[in-house]
Every structure is written in structure tokens, then in C-alpha cells.
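This is query10.tsv. It holds TSV, C-alpha atoms.
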chain	number	residue	atom	x	y	z
Z	1	MET	CA	-29.00	-12.40	-0.72
Z	2	SER	CA	-30.16	-16.02	-0.50
Z	3	ASN	CA	-28.03	-18.84	0.83
Z	4	THR	CA	-27.62	-20.20	-2.68
Z	5	GLU	CA	-26.56	-16.86	-4.08
Z	6	GLN	CA	-22.83	-16.15	-4.09
Z	7	ALA	CA	-21.49	-12.73	-3.23
Z	8	LYS	CA	-19.72	-10.98	-6.08
Z	9	LYS	CA	-16.01	-10.73	-5.31
Z	10	GLY	CA	-13.36	-8.19	-6.19
Z	11	ILE	CA	-9.68	-7.42	-5.55
Z	12	MET	CA	-8.32	-4.22	-3.99
Z	13	ILE	CA	-4.60	-3.38	-3.96
Z	14	CYS	CA	-3.73	-0.81	-1.29
Z	15	GLY	CA	-0.63	1.30	-1.85
Z	16	HIS	CA	1.10	4.08	0.04
Z	17	GLY	CA	1.13	6.75	-2.65
Z	18	SER	CA	3.79	9.12	-3.91
Z	19	ARG	CA	4.18	12.72	-5.02
Z	20	ASP	CA	5.90	11.24	-8.07
Z	21	LYS	CA	3.44	10.68	-10.91
Z	22	ASP	CA	5.61	7.97	-12.44
Z	23	ALA	CA	5.16	5.96	-9.22
Z	24	GLU	CA	1.37	6.22	-9.55
Z	25	ARG	CA	1.54	4.98	-13.12
Z	26	GLU	CA	3.81	2.07	-12.24
Z	27	PHE	CA	1.59	0.98	-9.36
Z	28	GLY	CA	-1.23	0.73	-11.86
Z	29	LEU	CA	0.83	-1.85	-13.76
Z	30	VAL	CA	0.43	-4.25	-10.81
Z	31	ALA	CA	-3.34	-3.93	-11.02
Z	32	LYS	CA	-3.10	-4.56	-14.76
Z	33	GLY	CA	-0.94	-7.63	-14.16
Z	34	LEU	CA	-3.32	-9.01	-11.53
Z	35	LYS	CA	-6.30	-8.39	-13.78
Z	36	GLU	CA	-4.65	-10.68	-16.33
Z	37	ARG	CA	-4.31	-13.35	-13.62
Z	38	PHE	CA	-7.92	-12.94	-12.43
Z	39	PRO	CA	-9.87	-11.96	-15.57
Z	40	GLU	CA	-13.19	-12.90	-13.98
Z	41	LEU	CA	-12.83	-10.47	-11.05
Z	42	PRO	CA	-12.86	-6.67	-10.87
Z	43	VAL	CA	-9.45	-5.38	-9.77
Z	44	GLU	CA	-8.95	-1.88	-8.40
Z	45	TYR	CA	-6.17	-0.05	-6.58
Z	46	GLY	CA	-5.80	3.04	-4.40
Z	47	PHE	CA	-3.38	4.94	-2.22
Z	48	LEU	CA	-3.21	6.12	1.37
Z	49	GLU	CA	-1.83	9.53	0.52
Z	50	PHE	CA	-0.51	11.94	-2.11
Z	51	SER	CA	-1.98	10.08	-5.06
Z	52	ALA	CA	-5.20	9.36	-6.88
Z	53	PRO	CA	-7.15	7.20	-6.80
Z	54	ASN	CA	-7.18	6.98	-3.03
Z	55	ILE	CA	-8.24	3.76	-1.31
Z	56	HIS	CA	-11.80	5.01	-0.82
Z	57	MET	CA	-12.13	5.70	-4.53
Z	58	GLY	CA	-10.93	2.20	-5.43
Z	59	LEU	CA	-13.35	0.67	-2.95
Z	60	ASN	CA	-16.16	2.85	-4.30
Z	61	SER	CA	-15.45	1.55	-7.78
Z	62	LEU	CA	-15.70	-2.05	-6.62
Z	63	LEU	CA	-18.91	-1.28	-4.78
Z	64	SER	CA	-20.39	0.36	-7.89
Z	65	GLN	CA	-19.65	-2.85	-9.79
Z	66	GLY	CA	-21.79	-4.82	-7.34
Z	67	VAL	CA	-18.91	-6.31	-5.35
Z	68	GLU	CA	-19.92	-7.51	-1.88
Z	69	GLU	CA	-16.77	-9.35	-0.86
Z	70	ILE	CA	-13.38	-7.68	-1.28
Z	71	TYR	CA	-9.96	-9.31	-1.12
Z	72	ALA	CA	-7.66	-6.46	-0.06
Z	73	VAL	CA	-3.89	-6.82	-0.17
Z	74	PRO	CA	-1.29	-4.26	0.94
Z	75	GLY	CA	1.07	-3.24	-1.85
Z	76	MET	CA	3.87	-3.17	0.70
Z	77	LEU	CA	7.15	-5.08	0.75
Z	78	PHE	CA	7.20	-5.41	4.54
Z	79	ALA	CA	4.69	-4.92	7.34
Z	80	ALA	CA	5.50	-1.55	8.87
Z	81	THR	CA	3.09	1.09	10.18
Z	82	HIS	CA	1.11	1.61	6.98
Z	83	ALA	CA	0.35	-2.10	6.50
Z	84	LYS	CA	-0.21	-2.68	10.21
Z	85	ASN	CA	-2.27	0.39	11.12
Z	86	ASP	CA	-3.21	2.83	8.38
Z	87	ILE	CA	-4.58	0.52	5.69
Z	88	PRO	CA	-6.60	-1.71	8.08
Z	89	SER	CA	-8.00	1.46	9.66
Z	90	VAL	CA	-9.21	2.73	6.28
Z	91	LEU	CA	-10.66	-0.67	5.35
Z	92	THR	CA	-12.42	-1.12	8.69
Z	93	THR	CA	-13.94	2.34	8.50
Z	94	TYR	CA	-15.17	1.76	4.96
Z	95	GLU	CA	-16.62	-1.66	5.77
Z	96	GLU	CA	-18.51	-0.19	8.72
Z	97	LYS	CA	-20.02	2.49	6.50
Z	98	ASN	CA	-21.29	-0.03	3.93
Z	99	GLU	CA	-23.65	-2.60	5.36
Z	100	GLY	CA	-23.41	-6.02	3.72
Z	101	LEU	CA	-19.86	-5.45	2.50
Z	102	HIS	CA	-17.16	-7.84	3.68
Z	103	ILE	CA	-13.46	-7.04	3.34
Z	104	THR	CA	-10.71	-9.57	4.04
Z	105	TYR	CA	-7.25	-8.10	4.43
Z	106	GLY	CA	-4.28	-10.19	3.36
Z	107	ARG	CA	-0.56	-10.17	4.04
Z	108	GLU	CA	2.24	-7.91	2.93
Z	109	LEU	CA	4.44	-9.26	0.13
Z	110	GLY	CA	7.19	-10.25	2.56
Z	111	LEU	CA	10.15	-12.44	1.70
Z	112	GLN	CA	8.33	-14.84	-0.59
Z	113	ASP	CA	10.55	-16.84	-2.93
Z	114	ASP	CA	8.95	-14.96	-5.84
Z	115	MET	CA	10.02	-11.60	-4.41
Z	116	ILE	CA	13.56	-12.79	-3.72
Z	117	GLU	CA	13.88	-14.23	-7.23
Z	118	ALA	CA	12.53	-11.05	-8.80
Z	119	PHE	CA	15.10	-9.01	-6.86
Z	120	GLN	CA	17.93	-11.34	-7.85
Z	121	ALA	CA	16.83	-11.20	-11.49
Z	122	ARG	CA	17.00	-7.39	-11.43
Z	123	ILE	CA	20.53	-7.57	-9.96
Z	124	TYR	CA	21.71	-10.07	-12.58
Z	125	GLU	CA	20.21	-7.92	-15.33
Z	126	SER	CA	22.03	-4.82	-14.07
Z	127	LEU	CA	25.27	-6.81	-14.25
Z	128	GLY	CA	24.53	-7.88	-17.81
Z	129	LEU	CA	24.07	-11.50	-16.73
Z	130	ASP	CA	21.36	-14.01	-17.59
Z	131	PRO	CA	19.26	-14.78	-14.47
Z	132	GLU	CA	18.57	-18.22	-15.95
Z	133	ASN	CA	22.27	-18.99	-16.33
Z	134	PRO	CA	24.03	-17.16	-13.48
Z	135	PRO	CA	27.72	-17.42	-12.62
Z	136	GLU	CA	28.82	-19.65	-9.77
Z	137	ASN	CA	29.81	-16.65	-7.68
Z	138	LEU	CA	30.45	-12.92	-7.68
Z	139	TYR	CA	33.27	-12.84	-5.16
Z	140	ASP	CA	34.85	-9.77	-6.74
Z	141	THR	CA	31.72	-7.68	-6.21
Z	142	LEU	CA	30.16	-5.92	-3.21
Z	143	LEU	CA	26.37	-5.85	-2.94
Z	144	VAL	CA	24.67	-2.93	-1.18
Z	145	VAL	CA	20.94	-3.45	-0.67
Z	146	VAL	CA	18.99	-0.24	-0.04
Z	147	GLY	CA	15.95	-0.72	2.18
Z	148	ARG	CA	13.15	1.77	2.71
Z	149	GLY	CA	14.04	2.38	6.34
Z	150	THR	CA	11.17	2.92	8.80
Z	151	SER	CA	10.49	3.40	12.49
Z	152	ASP	CA	9.44	-0.28	12.58
Z	153	THR	CA	12.37	-2.39	13.77
Z	154	GLY	CA	10.92	-5.59	12.34
Z	155	ALA	CA	10.60	-4.13	8.83
Z	156	ASN	CA	14.21	-2.89	8.98
Z	157	ALA	CA	15.31	-6.36	10.08
Z	158	GLU	CA	13.49	-7.97	7.14
Z	159	ALA	CA	15.54	-5.84	4.74
Z	160	ALA	CA	18.74	-7.04	6.43
Z	161	LYS	CA	17.49	-10.63	6.24
Z	162	LEU	CA	16.84	-10.19	2.51
Z	163	THR	CA	20.43	-9.01	2.04
Z	164	ARG	CA	21.79	-12.14	3.71
Z	165	ILE	CA	19.57	-14.46	1.64
Z	166	VAL	CA	20.47	-12.81	-1.67
Z	167	ASN	CA	24.17	-12.72	-0.77
Z	168	GLU	CA	24.27	-16.44	-0.07
Z	169	ASN	CA	22.17	-17.27	-3.14
Z	170	MET	CA	24.27	-15.19	-5.54
Z	171	GLY	CA	27.70	-15.49	-3.90
Z	172	PHE	CA	28.85	-11.88	-3.58
Z	173	GLY	CA	32.18	-11.13	-1.97
Z	174	TRP	CA	30.34	-9.16	0.68
Z	175	ALA	CA	26.93	-7.59	1.17
Z	176	ASP	CA	25.40	-5.08	3.52
Z	177	THR	CA	22.23	-3.04	3.98
Z	178	VAL	CA	21.73	0.72	4.00
Z	179	TYR	CA	18.47	2.64	4.27
Z	180	SER	CA	16.90	5.66	2.62
Z	181	GLY	CA	14.46	6.50	5.42
Z	182	VAL	CA	14.52	7.37	9.09
Z	183	THR	CA	16.83	4.59	10.25
Z	184	TYR	CA	20.59	4.08	9.89
Z	185	PRO	CA	23.00	3.77	8.18
Z	186	SER	CA	21.86	6.20	5.50
Z	187	VAL	CA	22.84	5.58	1.88
Z	188	GLY	CA	25.71	8.07	1.68
Z	189	VAL	CA	27.40	7.21	4.97
Z	190	GLY	CA	26.83	3.50	4.40
Z	191	LEU	CA	28.48	3.60	0.99
Z	192	GLU	CA	31.44	5.61	2.29
Z	193	ASN	CA	32.07	3.06	5.04
Z	194	LEU	CA	31.65	0.05	2.73
Z	195	MET	CA	34.08	1.46	0.17
Z	196	LYS	CA	36.81	0.96	2.79
Z	197	LEU	CA	36.54	-2.78	2.12
Z	198	GLY	CA	38.40	-2.20	-1.14
Z	199	TYR	CA	35.99	-3.63	-3.73
Z	200	LYS	CA	36.38	-2.18	-7.21
Z	201	ARG	CA	32.84	-3.09	-8.27
Z	202	ILE	CA	29.84	-2.20	-6.13
Z	203	VAL	CA	26.23	-3.05	-6.97
Z	204	VAL	CA	23.66	-0.77	-5.35
Z	205	ALA	CA	20.27	-2.51	-5.41
Z	206	PRO	CA	17.20	-0.68	-4.06
Z	207	TYR	CA	14.57	-3.07	-2.75
Z	208	PHE	CA	11.64	-0.91	-3.84
Z	209	LEU	CA	8.58	-1.72	-5.88
Z	210	PHE	CA	8.37	1.52	-7.83
Z	211	THR	CA	10.08	4.79	-8.57
Z	212	GLY	CA	9.53	7.91	-6.50
Z	213	ARG	CA	11.45	10.55	-4.63
Z	214	LEU	CA	13.28	8.01	-2.50
Z	215	ILE	CA	14.55	6.19	-5.58
Z	216	LYS	CA	15.72	9.50	-7.03
Z	217	ARG	CA	17.38	10.35	-3.73
Z	218	ILE	CA	19.23	7.01	-3.81
Z	219	GLN	CA	20.30	7.54	-7.41
Z	220	GLY	CA	21.51	11.01	-6.51
Z	221	TYR	CA	23.66	9.68	-3.68
Z	222	VAL	CA	25.19	6.94	-5.81
Z	223	GLU	CA	26.00	9.39	-8.61
Z	224	LYS	CA	27.57	11.74	-6.08
Z	225	VAL	CA	29.73	9.02	-4.50
Z	226	ALA	CA	30.65	7.53	-7.91
Z	227	LYS	CA	31.84	10.90	-9.19
Z	228	ALA	CA	34.09	11.27	-6.14
Z	229	ASN	CA	35.48	7.72	-6.58
Z	230	PRO	CA	36.15	7.14	-10.31
Z	231	ALA	CA	38.34	4.08	-9.64
Z	232	ILE	CA	35.30	2.14	-8.42
Z	233	GLU	CA	32.62	0.83	-10.78
Z	234	PHE	CA	29.17	1.55	-9.35
Z	235	ILE	CA	26.28	-0.41	-10.85
Z	236	GLN	CA	22.74	0.73	-10.08
Z	237	THR	CA	20.13	-2.02	-10.12
Z	238	PRO	CA	16.62	-1.00	-11.24
Z	239	TYR	CA	13.76	-1.30	-8.76
Z	240	LEU	CA	11.38	-4.26	-8.97
Z	241	SER	CA	8.48	-2.64	-10.86
Z	242	ASP	CA	6.05	-5.13	-12.43
Z	243	HIS	CA	8.50	-8.01	-12.83
Z	244	PRO	CA	6.48	-11.18	-13.54
Z	245	ARG	CA	7.62	-12.73	-10.25
Z	246	VAL	CA	6.33	-9.66	-8.39
Z	247	ILE	CA	2.92	-10.20	-9.97
Z	248	ASP	CA	3.22	-13.86	-8.92
Z	249	ALA	CA	3.81	-12.70	-5.34
Z	250	PHE	CA	0.70	-10.48	-5.39
Z	251	GLN	CA	-1.28	-13.34	-6.88
Z	252	ASN	CA	-0.13	-15.61	-4.06
Z	253	ARG	CA	-1.41	-13.16	-1.46
Z	254	VAL	CA	-4.80	-12.89	-3.15
Z	255	GLU	CA	-5.13	-16.66	-3.46
Z	256	GLU	CA	-4.31	-17.08	0.24
Z	257	ILE	CA	-7.43	-15.08	1.01
Z	258	MET	CA	-9.60	-16.71	-1.64
Z	259	GLN	CA	-8.72	-20.20	-0.45
Z	260	GLY	CA	-8.84	-19.39	3.26
Z	261	GLU	CA	-5.17	-20.22	3.61
Z	262	LEU	CA	-3.94	-17.35	5.76
Z	263	PRO	CA	-1.38	-18.99	8.07
Z	264	THR	CA	-3.07	-20.72	10.99
Z	265	GLY	CA	-1.77	-19.97	14.45
Z	266	GLU	CA	-0.47	-16.62	13.19
Z	267	GLU	CA	-2.27	-13.39	13.94
Z	268	THR	CA	-3.33	-11.66	10.73
Z	269	LEU	CA	-2.60	-7.98	10.10
Z	270	MET	CA	-6.28	-7.13	10.53
Z	271	ASN	CA	-6.69	-9.17	13.72
Z	272	SER	CA	-3.56	-7.59	15.14
Z	273	PHE	CA	-4.87	-4.13	14.28
Z	274	LYS	CA	-8.24	-4.71	15.94
Z	275	ARG	CA	-6.65	-6.22	19.04
Z	276	ARG	CA	-4.21	-3.34	19.46
Z	277	LEU	CA	-6.91	-0.79	18.69
Z	278	ALA	CA	-9.17	-2.22	21.40
Z	279	ALA	CA	-6.24	-2.07	23.83
Z	280	GLY	CA	-5.60	1.58	22.99
Z	281	GLU	CA	-2.22	0.82	21.42
Z	282	VAL	CA	-2.93	2.19	17.93
Z	283	ASP	CA	-2.77	5.76	16.67
Z	284	VAL	CA	-5.61	6.08	14.19
Z	285	HIS	CA	-5.00	8.99	11.83
Z	286	HIS	CA	-5.04	7.64	8.35
Z	287	HIS	CA	-6.38	10.55	6.33
Z	288	HIS	CA	-3.15	12.57	6.27
Z	289	ALA	CA	-2.42	13.98	2.81
Z	290	GLU	CA	-4.81	11.48	1.26
Z	291	PHE	CA	-5.87	12.70	-2.16
Z	292	VAL	CA	-9.40	14.09	-1.93
Z	293	ASP	CA	-11.54	14.13	-5.02
Z	294	PRO	CA	-13.47	17.43	-4.82
Z	295	GLN	CA	-16.50	15.60	-6.22
Z	296	ASP	CA	-16.26	12.87	-3.59
Z	297	ASP	CA	-18.42	13.41	-0.52
Z	298	THR	CA	-18.06	9.89	0.85
Z	299	GLN	CA	-15.02	10.53	3.03
Z	300	GLY	CA	-16.69	11.87	6.13
Z	301	LEU	CA	-16.11	10.32	9.53
Z	302	SER	CA	-17.87	7.13	10.56
Z	303	ASP	CA	-18.80	6.03	14.04
Z	304	PHE	CA	-15.58	4.00	13.97
Z	305	ASP	CA	-13.54	7.16	13.38
Z	306	VAL	CA	-15.27	9.12	16.09
Z	307	LYS	CA	-14.98	6.35	18.67
Z	308	HIS	CA	-11.26	5.82	18.16
Z	309	ALA	CA	-9.81	9.23	17.37
Z	310	THR	CA	-10.10	12.92	18.09
Z	311	PHE	CA	-10.24	15.85	15.70
Z	312	ALA	CA	-7.19	17.94	15.01
Z	313	VAL	CA	-7.74	21.65	14.77
Z	314	THR	CA	-4.94	23.75	13.34
Z	315	ASP	CA	-5.03	27.49	12.68
Z	316	GLU	CA	-8.55	27.54	14.13
Z	317	LYS	CA	-9.88	25.51	11.20
Z	318	PRO	CA	-11.35	22.06	11.69
Z	319	SER	CA	-9.45	19.35	9.86
Z	320	SER	CA	-10.56	16.09	8.32
Z	321	VAL	CA	-7.32	14.63	9.64
Z	322	LEU	CA	-7.61	12.28	12.58
Z	323	THR	CA	-5.00	12.45	15.27
Z	324	PRO	CA	-4.04	9.92	17.94
Z	325	GLN	CA	-5.37	10.52	21.40
Z	326	ALA	CA	-1.99	10.09	23.02
Z	327	HIS	CA	0.56	11.52	20.60
Z	328	SER	CA	0.02	14.45	18.28
Z	329	HIS	CA	3.61	14.45	16.90
Z	330	SER	CA	3.66	18.11	15.94
Z	331	HIS	CA	7.10	19.46	15.13
Z	332	ASP	CA	5.71	22.53	13.32
Z	333	HIS	CA	7.26	21.66	9.98
Z	334	ASP	CA	5.50	21.30	6.71
Z	335	HIS	CA	5.92	19.06	3.68
Z	336	SER	CA	4.81	21.83	1.36
Z	337	HIS	CA	8.45	22.68	0.60
Z	338	ASP	CA	8.03	26.39	1.31
Z	339	HIS	CA	11.37	26.14	3.08
Z	340	SER	CA	12.81	29.52	3.95
Z	341	HIS	CA	15.41	28.49	6.48
Z	342	GLY	CA	17.99	31.06	5.49
Z	343	HIS	CA	20.76	31.74	7.88
Z	344	SER	CA	18.44	32.87	10.62
Z	345	HIS	CA	16.88	29.40	10.81
Z	346	SER	CA	13.36	30.62	11.50
Z	347	HIS	CA	11.91	27.19	10.69
Z	348	SER	CA	8.29	28.15	11.13
Z	349	HIS	CA	6.61	25.47	9.04
Z	350	ASP	CA	3.39	23.91	10.23
Z	351	HIS	CA	3.72	20.16	10.39
Z	352	SER	CA	0.78	18.66	12.24
Z	353	HIS	CA	1.09	15.00	11.39
Z	354	GLY	CA	-2.15	13.28	10.69
Z	355	HIS	CA	-0.30	10.21	9.63
Z	356	SER	CA	1.21	7.42	11.70
Z	357	HIS	CA	4.86	7.24	10.75
Z	358	GLY	CA	5.72	6.54	14.36
Z	359	VAL	CA	8.41	8.14	16.43
Z	360	TYR	CA	11.83	6.67	15.74
Z	361	LYS	CA	14.00	6.77	18.83
Z	362	HIS	CA	17.24	6.82	16.83
Z	363	ILE	CA	16.26	9.70	14.52
Z	364	GLY	CA	19.35	11.54	15.79
Z	365	HIS	CA	21.80	8.71	15.09
Z	366	PRO	CA	25.08	10.14	13.70
Z	367	MET	CA	24.90	7.75	10.70
Z	368	GLY	CA	21.18	8.26	10.12
Z	369	PRO	CA	19.06	10.67	8.04
Z	370	ARG	CA	20.64	13.76	9.59
Z	371	THR	CA	23.64	13.00	7.35
Z	372	MET	CA	21.44	13.86	4.33
Z	373	ILE	CA	20.90	17.47	5.43
Z	374	GLY	CA	22.69	19.89	3.15
Z	375	GLU	CA	23.81	17.19	0.72
Z	376	GLY	CA	21.65	18.40	-2.15
Z	377	ILE	CA	19.66	15.20	-2.04
Z	378	CYS	CA	16.26	15.89	-0.47
Z	379	CYS	CA	14.92	17.64	2.58
Z	380	CYS	CA	11.37	16.25	2.48
Z	381	PHE	CA	12.06	14.51	5.77
Z	382	MET	CA	12.93	17.71	7.68
Z	383	GLY	CA	9.77	17.49	9.76
Z	384	GLN	CA	10.94	14.21	11.30
Z	385	PHE	CA	13.75	15.90	13.21
Z	386	THR	CA	13.47	17.41	16.64
Z	387	ASP	CA	14.27	21.08	17.12
Z	388	GLU	CA	17.45	20.04	18.92
Z	389	ILE	CA	18.75	18.12	15.89
Z	390	LEU	CA	17.85	20.95	13.55
Z	391	GLU	CA	19.70	23.39	15.77
Z	392	GLU	CA	22.77	21.15	15.77
Z	393	GLU	CA	22.65	20.88	11.97
Z	394	LYS	CA	21.61	24.47	11.24
Z	395	ASP	CA	24.84	25.29	9.40
Z	396	LYS	CA	23.89	22.71	6.74
Z	397	ILE	CA	20.40	24.11	6.22
Z	398	ASP	CA	20.25	26.79	3.59
Z	399	GLY	CA	18.05	27.67	0.67
Z	400	ASP	CA	15.16	25.93	-1.04
Z	401	CYS	CA	15.97	22.25	-1.51
Z	402	THR	CA	13.10	21.83	-3.96
Z	403	LYS	CA	15.14	23.72	-6.56
Z	404	THR	CA	18.38	21.82	-6.10
Z	405	ALA	CA	17.74	18.39	-4.61
Z	406	PHE	CA	18.17	15.32	-6.84
Z	407	ALA	CA	14.84	13.98	-5.62
Z	408	HIS	CA	12.98	16.98	-7.04
Z	409	LYS	CA	14.56	17.10	-10.48
Could you render the structure from this file as C-alpha cells?
Amino acid sequence: MSNTEQAKKGIMICGHGSRDKDAEREFGLVAKGLKERFPELPVEYGFLEFSAPNIHMGLNSLLSQGVEEIYAVPGMLFAATHAKNDIPSVLTTYEEKNEGLHITYGRELGLQDDMIEAFQARIYESLGLDPENPPENLYDTLLVVVGRGTSDTGANAEAAKLTRIVNENMGFGWADTVYSGVTYPSVGVGLENLMKLGYKRIVVAPYFLFTGRLIKRIQGYVEKVAKANPAIEFIQTPYLSDHPRVIDAFQNRVEEIMQGELPTGEETLMNSFKRRLAAGEVDVHHHHAEFVDPQDDTQGLSDFDVKHATFAVTDEKPSSVLTPQAHSHSHDHDHSHDHSHGHSHSHSHDHSHGHSHGVYKHIGHPMGPRTMIGEGICCCFMGQFTDEILEEEKDKIDGDCTKTAFAHK
């Protein structure tokens, strides 16, 4: 390419992925929205795991269209492990495999004004109010924001910060944060404690981009609590989806890269990843459960993979999953949902994580995810618990949750 020739550019949106097909479809709406904002550029999307297309497939599509410079943005609300480690690992590996390709990785969506306003608009809508003409206050109402909940303390703190901002902007009587993931308080316990404040109207607002099993788990909990407390009005706010202000927020992140306006003096997600990787602080195992197209033979290991990770071998069969050199995180549980706990609690599922969720030191917190066991909500997270916790909670574990849990209906 000559100095006067400009590299063809394209946009890549990197998502987490979900077993829920509706979530895949909704994520595609963001790509559609961004394509309308950047009609002159190819726009593709892909997922880390569970879903198709995977990130490699999206990148392959851009490459096949002649793209030489890719603006990649994480489709993540906050910067937790996936945005910090897994996505930059995939992008770095792919860039290394394709000479002449340049990928610039942008920022997570974060607490941009556009994201906050989109969330507030969804809350007003669920209350039957006009976001453009809101009431002065909502002092008679309790707001419960549901965050994803991760092993990343900073991401959990951002959800709590969001709650405070929205509460002050909208003037609720009180607001608090609960979480649907590995941290605490969990949705059910959090709601039970907050009901003691005496509010007769409670808004439960999940700060999620799309549907999925976690959304269905949240909805299941709220329905369960509402049924047990008919004197309280529970209002469920829809998730963000492709609200125009959400598309604005994605557009902002792309334009930051295009215009070279990533914050100066602040380490980017990619620079942070490479620094921590060089220091041996990163677990590189990003291929876990990633959808593999049987016709796709481009997902072998690069020199980058081999240099920074070791192979995992389970059941005497080599795996394409990369595992960290320091922490294999194998609790011998599986996400295949062939749960046959029964009363004997044999618990013999194979769960060799090839995916960096991190180890959460408060996984056993009495108000955390262990409170979900046996509640008919979802047991997909069983592999996160230690054998000690499972032994303590064994009386709650019975049957096949995939047939009864709200999240699987």
C-alpha cells in the first residue's frame, strides 16, 4: 500500500454471547443501528462464547471485504474480565495471524451520559411517564437497580455508582443495587431486605443491554417476590436493548478511535492487557465455549497463543481451550445441565474452565449467589461454587433445574 493510499476501515462490535437466541438477535440490532450511523463503513459483530457469529467470524468477514484497519469496541456496559482480558486476547491473536491488519480497541460503554439517559428513559417508560416531561420527584417509589455482578470489584462499583446518579437525577425515595451474578446481595435477598423500608411501589430496573438467561432469572425472582407480597406494586423496567441513546453511546466509542481521542494520560484497555500479559498477570484462555463453525479452520493457535498459554487436556483428549499457567480453576462441574444431583449429591460434572471469569473471594457470602440454589430460578452457576459450599447447601440441590428454572423456560 502506497503512502497516498488509505487503508480501508471497518467496525467490529465484540459481545459476550448468550445461550439465549433472542439475545443474539438483539445484539445484531446494535450492529444495524451503527451501520445506519456509519453507512460508508462495513460493520460486523461477534461473540466470545455460546453464540454465532463468534469474534473470529466477524473479523474474517471484515477481512474478506478488504478491511485493513479495524475499530473494535467491546459491547460491554463495564470493564470487567471479558473487556479487560478475553476480547483483547482474541483481537491480539487475530491481528498477529494477519499481517498488514491493524486493530484498535476502544473503551467499554461505561457511564456515558447517553447510557444514563437511556436507562432513565426505560425507567420512566415502565412507570408510564414521558421521559421528556418527567415529574419533579418520585419520593413515594423505591428504585432497585440490578447489576450483572462479576468478580471484578470495579465493575460492581460502577453499577452502584449508576444507581446513585439515577436516584439523584430522578428523585426516588430511596435506591439500592442488587446483582444477578457472583457478587452480593443477590436479587432475591436484596429485594427481601429492601421491602422492610415500607415502600408500596418498587421499580426493579436491570442494567443490561439485552435479554438472556440472567434477565429471565431476574424476572423470575421479581415475580416470585411479588406473588408473596401482593400489597406492594412491583414494576419491572425493560432492559436497554437498542434504545437510540445506546446506539449514540456505541457511536461515541467508535468516533473516539476514529478521531484518535482515546483519553490521554489514561491507560487503554489494550495497553493494560499487554502490560499485564507481559508481567504474567493475565490468564489467557479465551476460547471457552466459543461457537465453532465446523467449516471454519482459521481458529488454530497462533504463536501468541502458544507463548502465553498452555494446553488443557481433559479426558485424555487435547482441547482447543487455552488455560492459564497459574490457575486452572477446575471444580469438576459442567454447564451442560446434565445435573443429576439427587439426594446422594454425587456432583460428578466436568467443569474445566477455559474462560477467565476470575475467582471471586466472596462466592460464599451468605447474601450472595448461594441464596439462589433451590429457588427454582437457575443453577447455571453451580460450577462457580466450591465443594464446601455445595456440601453446605446440599439439601437445596435436587432434580434437574433445566426443567423447572425460570431462566430455562
For this session: Within 9 Å of segment 200-216 of chain Z, counting all atoms listed in the file, which residues show up once you throw out same-chain ones fewer than 4 positions away? Write them as a PyMOL selection string, please.
Result: chain Z and resi 18-24+26-27+75-77+119+122-123+126-127+140-148+159+180-181+195+220-222+231-242+246+377-378+406-409
For this session: Figure out the distance between atom CA of Thr150 of chain Z and atom CA of Glu261 of chain Z, please, to one decimal in Å.
Result: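 Atom CA of Thr150 of chain Z lies 28.8 Å from atom CA of Glu261 of chain Z.
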Exercise. Can you find the residues with an atom no farther than 6 Å from (17.7, -7.1, 5.2), counting all atoms listed in the file, and report them as number ranges by chain?
Worked result: Z: 157-163
C-alpha atoms of the current selection, written as a short mmCIF file (atom, residue, chain, number, x, y, z; two decimals), in the frame of the given file:
data_model
loop_
_atom_site.label_atom_id
_atom_site.label_comp_id
_atom_site.auth_asym_id
_atom_site.auth_seq_id
_atom_site.Cartn_x
_atom_site.Cartn_y
_atom_site.Cartn_z
CA ALA Z 157 15.31 -6.36 10.08
CA GLU Z 158 13.49 -7.97 7.14
CA ALA Z 159 15.54 -5.84 4.74
CA ALA Z 160 18.74 -7.04 6.43
CA LYS Z 161 17.49 -10.63 6.24
CA LEU Z 162 16.84 -10.19 2.51
CA THR Z 163 20.43 -9.01 2.04
#
Problem set entry | Distance of atom CA of Ile116 of chain Z from atom CA of Val166 of chain Z, expressed in Å to one decimal place | 7.2 Å
Exercise. Nearest to Leu41 of chain Z: which of Z:Gly10, Z:Gly15, Z:Ile70, Z:Asp86 is it, counting all atoms listed in the file?
Worked result: Z:Gly10
For this session: Quick one: pull the distance between atom CA of Met367 of chain Z and atom CA of Thr153 of chain Z, Å, one decimal.
Result: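 Result for atom CA of Met367 of chain Z versus atom CA of Thr153 of chain Z: 16.4 Å, one decimal.
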Seminar exercise, completed: If you count all atoms listed in the file, the residue of Z:His82, Z:Ser64, Z:Phe50, Z:Pro369 closest to Val282 of chain Z turns out to be Z:His82
